[in-house]
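Step one of this worksheet: look at the structure below.
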Amino acid sequence: MLRKISLVVIIIAVVVMGVLRFWRLDAIPYGYHVDEVSGAVTMNCYATQGCDAAMRPWPLFGFVEYGQDKPPTYIYPGILWAKFFGTTVPSFRGFGVFGLTVGLIGLFFLGRTIGGFGLGLITVLAAACSPWMWCVSRVLMESYFAPVFVIWGLYFFWRSSAWWDWALAGFLFACAMYSYPPARMQVPLMMATLWFYEKGRRPLPWRLSLSFISVFILSLIPLAANYLYGSLSRRFNTISIFSKDYLQSVGSTGTPWDIIRIFFHNYFLHLSPDFLFFTGDPSYVHSTRHLGIFSFLDIAALMILMVFIVLAFFRRSWIDNPVIKDRRWLLFLAANFFIGIIPSALTNQELPHALRICGSWPMMMLFTGFMWWSASQCVALLLPAAALVGILSGGVLSYQYFTIYPQESKGMFDFWIKETAEKLQTQEDWQQFLMVFHRRDYHCRYFMVNRLKLTCKQANDIWWNLHDDLVKRGLW
C-alpha cells in the first residue's frame with residue numbers, strides 16, 4: 001500500500017512540475033534574450049515566407065549572424081507550432097518546453113525498459129525537478145532537443161531486436177547531432193561506449209548493426225555537406241580553445257601542452273562543488289544561481305552510491321548490490337556523463353557551462369532514478385523518501401524561479417528593449433526606437449513583425465536600409 005501511495009505522489013509531483021514549466025512563459029524570464037529573438041525571427045520567416053532570416057529560400061539550417069545556425073530538427077517542427085500558436089517569443093518558449101516534455105516522457109519509457117515502471121517513474125521525477133534543465137527549457141533555445149533525441153534513440157535501441165527499431169535509433173542519434181554542435185562529438189563517443197556495453201551483454205546480429213549504422217551515416221550526409229560548403233564551424237572557430245585570438249589573450253603560444261592544460265582546467269570547472277551543488281551555471285540564462293545543477297534527488301543518489309560501494313567492500317557476497325550486479329550499466333552511465341563534458345571543455349567562454357554539457361543530463365537522470373530505485377528494493381521506506389525529496393527539490397526550485405529569479409535575471413534578457421517597444425505609438429516613435437537599438441538586428445525585426453505586423457521581408461528590408469544609411473553617414 002505504501003509503495004502504491006508513493007508512486008501516486010510521484011506521478012502528481014511530475015504532473016505539477018510539468019504544468020508549472022508552461023506557466024507564465026510570457027513574463028518569466030522577463031524580456032527576450034538575443035538567442036530567443038533570433039530564433040523567433042528565423043522561424044517566423046520559415047513559417048510565413050519559406051526562407052530564413054537572411055532571406056535564403058528553404059535552407060537546411062537557418063542562418064543567424066549571432067551564435068549557431070538554427071537546425072532543421074528545431075526549425076521545421078517549429079513551423080507547425082507557429083501555425084497553431086503564433087510566432088511570438090512566449091509561443092516559441094512553449095515549443096521548447098513541449099520538446100523537453102517529450103524528452104521527459106522518453107525518460108520514463110527508457111527507464112521502464114531498463115528496470116520497470118518504478119524505475120521509469122523515479123527517473124522522470126528526477127528530470128522534472130532538475131535545476132540543470134529547468135531555466136533553459138523555458139528559454140527559446142534549440143540545445144535541449146539534442147538530449148531528447150538521444151533519449152528516444154536509446155529507448156528504441158533497447159526496446160527490441162527488430163531491425164526497424166535499430167534503424168530508428170540510428171536516425172534519432174543523427175538528429176541529435178543536427179540539433180546541437182556539442183552532440184556532434186558526444187554522440188559518436190556515446191555510440192562507442194554503447195557498442196562496448198552491448199557487446200558484453202548479448203550478441204549483436206550483423207543485420208541489426210547494419211541497419212543502425214547505415215541509417216545513421218546516410219542521415220548525416222546533409223550535415224557533412226553543410227560543414228564542407230557552409231558556415232557551421234564558424235561559431236566553434238570563435239569560441240574554441242584553439243582560437244588564435246583566445247590563445248594570444250591568455251598568453252599562450254598554442255603548444256600541445258598549453259592546449260592540454262587549458263582543456264583540463266576547463267573540464268574540471270564543470271566538476272567544481274559550486275557548479276554541481278551550490279550556485280550552478282554563472283549565467284542567469286541557464287541557472288537561478290541559487291542551486292547547483294544537481295537537485296537534492298541527484299545529491300542523495302550520489303550518497304546512495306557511496307553506501308552501496310561501502311557495502312560492496314564489507315559484504316562481497318551480497319549479489320544484489322547494484323555496484324556489483326549492475327556495474328556495467330553504472331560504468332556506461334558514468335562514462336557518458338564524463339564524455340558529455342568534453343565539448344564544453346574545448347570552448348573558452350562562459351565556463352562552466354550547463355547548457356553545453358546537456359548531453360550528460362539524461363545520463364545523470366538515469367543514474368539518479370536507478371540508484372533510488374535500487375535502494376528502495378532493499379529498504380522499502382526509501383520509495384516514499386524519494387517522493388518527499390522530489391517534492392522538496394521541485395518546491396525549492398519553483399519558489400526560487402518564480403519569486404527570486406525574475407528580478408535577478410532581468411539584465412540577461414534585454415528587458416528595456418521589450419519595455420520600450422511595447423510603449424511605441426507613432427511612426428516617429430518607431431523611427432527613434434530603430435535608431436537607438438539599430439545594432440540589435442533581431443530585436444528590431446522581431447518587434448516590427450509582432451507589433452507593426454510587417455512581413456519578415458519588410459522588416460528585413462527596413463533594418464538593412466537603415467544599416468546601409470548609417471554606414472554611409474559614418475554612424476555605424
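Going through the C-alpha cells in order, the chains are called A, B, and so on, while each chain numbers its residues from 1 and the ligands are numbered from 1 in the order shown.
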
Near region 3-16 of chain A, within 9 Å and counting only C-alpha atoms, which residues show up once chain neighbours fewer than 2 positions away are dropped, as an mmCIF file with C-alpha atoms, in the first residue's frame?
```cif
data_model
loop_
_atom_site.group_PDB
_atom_site.id
_atom_site.type_symbol
_atom_site.label_atom_id
_atom_site.label_comp_id
_atom_site.auth_asym_id
_atom_site.auth_seq_id
_atom_site.Cartn_x
_atom_site.Cartn_y
_atom_site.Cartn_z
ATOM 1 C CA MET A 1 0.000 0.000 0.000
ATOM 2 C CA GLY A 18 5.129 19.726 -15.903
ATOM 3 C CA VAL A 19 2.284 22.233 -15.657
ATOM 4 C CA LEU A 20 4.475 24.805 -13.898
ATOM 5 C CA ARG A 21 7.004 24.542 -16.703
ATOM 6 C CA GLY A 118 9.063 2.247 -10.757
ATOM 7 C CA LEU A 121 8.826 6.967 -12.699
ATOM 8 C CA ILE A 122 11.662 7.943 -10.354
ATOM 9 C CA VAL A 124 11.237 11.182 -14.751
ATOM 10 C CA LEU A 125 10.749 12.661 -11.264
ATOM 11 C CA ALA A 126 14.474 13.425 -11.130
ATOM 12 C CA ALA A 127 14.282 15.017 -14.576
ATOM 13 C CA ALA A 128 11.155 17.055 -13.782
ATOM 14 C CA CYS A 129 12.810 18.543 -10.670
ATOM 15 C CA ALA A 380 11.003 -0.056 1.272
ATOM 16 C CA LEU A 381 10.826 3.292 3.084
ATOM 17 C CA LEU A 383 10.487 4.945 -2.069
ATOM 18 C CA PRO A 384 8.324 7.422 -0.111
ATOM 19 C CA ALA A 385 11.584 9.179 0.788
ATOM 20 C CA ALA A 386 12.260 9.619 -2.946
ATOM 21 C CA ALA A 387 8.815 11.157 -3.366
ATOM 22 C CA LEU A 388 9.390 13.578 -0.476
ATOM 23 C CA GLY A 390 11.484 15.095 -5.157
ATOM 24 C CA ILE A 391 8.724 17.342 -3.818
ATOM 25 C CA GLY A 394 10.697 20.806 -7.065
#
```

Checklist entry - If we count only C-alpha atoms, what is near Phe278 (chain A) at a cut-off of 10 Å, once residues fewer than 4 positions away on the same chain are taken out, given as an NGL selection string? => result :A and (272-274 or 289-295)

Next on the checklist: Which residues are near region 142-148 of chain A? Cut-off 10 Å, only C-alpha atoms, ignore same chain within fewer than 3 positions. Put them as an MDAnalysis selection string.
Outcome noted: chainID A and resid 35:36 39 68 70:71 73:75 95:97 99:107 133 136:137 139 151:153 172:184 187 355:363

Checklist entry - Of the residues A:Ala312, A:Val64, A:Met371, A:Leu2, which is the one nearest to Arg235 (chain A), using only C-alpha atoms? => result A:Val64

Next on the checklist: Could you list, as a PyMOL selection string, every residue within 7 Å of Ser240 (chain A), counting only C-alpha atoms and ignoring same-chain residues fewer than 4 positions away?
Outcome noted: chain A and resi 236+346-348

Give one line per residue of region 86-135 of chain A that approaches region 438-453 of chain A to at most 12 Å, naming the two atoms of the closest pair and their distance in Å to one decimal, counting only C-alpha atoms; sort by chain then ascending residue number and deliver it as CSV.
```
residue,atom,partner,partner_atom,distance
A:Gly86,CA,A:Asn450,CA,9.7
A:Thr87,CA,A:Asn450,CA,7.8
A:Thr88,CA,A:Asn450,CA,6.8
A:Val89,CA,A:Tyr446,CA,9.0
A:Pro90,CA,A:Asn450,CA,11.7
A:Ser91,CA,A:Asn450,CA,11.8
```

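Of the listed residues A:Val323, A:Leu140, A:Leu80, A:Val34, the one whose atoms come nearest to Ala47 (chain A) is A:Leu80, with distances taken using only C-alpha atoms.
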
Next on the checklist: Taking only region 284-318 of chain A into account, list the residues labelled alpha helix (DSSP H) by DSSP (computed from the backbone), as a ChimeraX atom specification.
Outcome noted: /A:296-314

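In this structure, CA of Phe92 (chain A) sits 21.6 Å away from CA of Gln458 (chain A).
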
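You will find CA of Pro256 (chain A) at 26.5 Å from CA of Ser231 (chain A).
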
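Closest approach to Asn336 (chain A) among A:Ile114, A:Leu194, A:Ile304, A:Ile241 is made by A:Leu194 (distances from only C-alpha atoms).
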
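Rounded to one decimal, CA of Val250 (chain A) and CA of Asn266 (chain A) lie 13.5 Å from each other.
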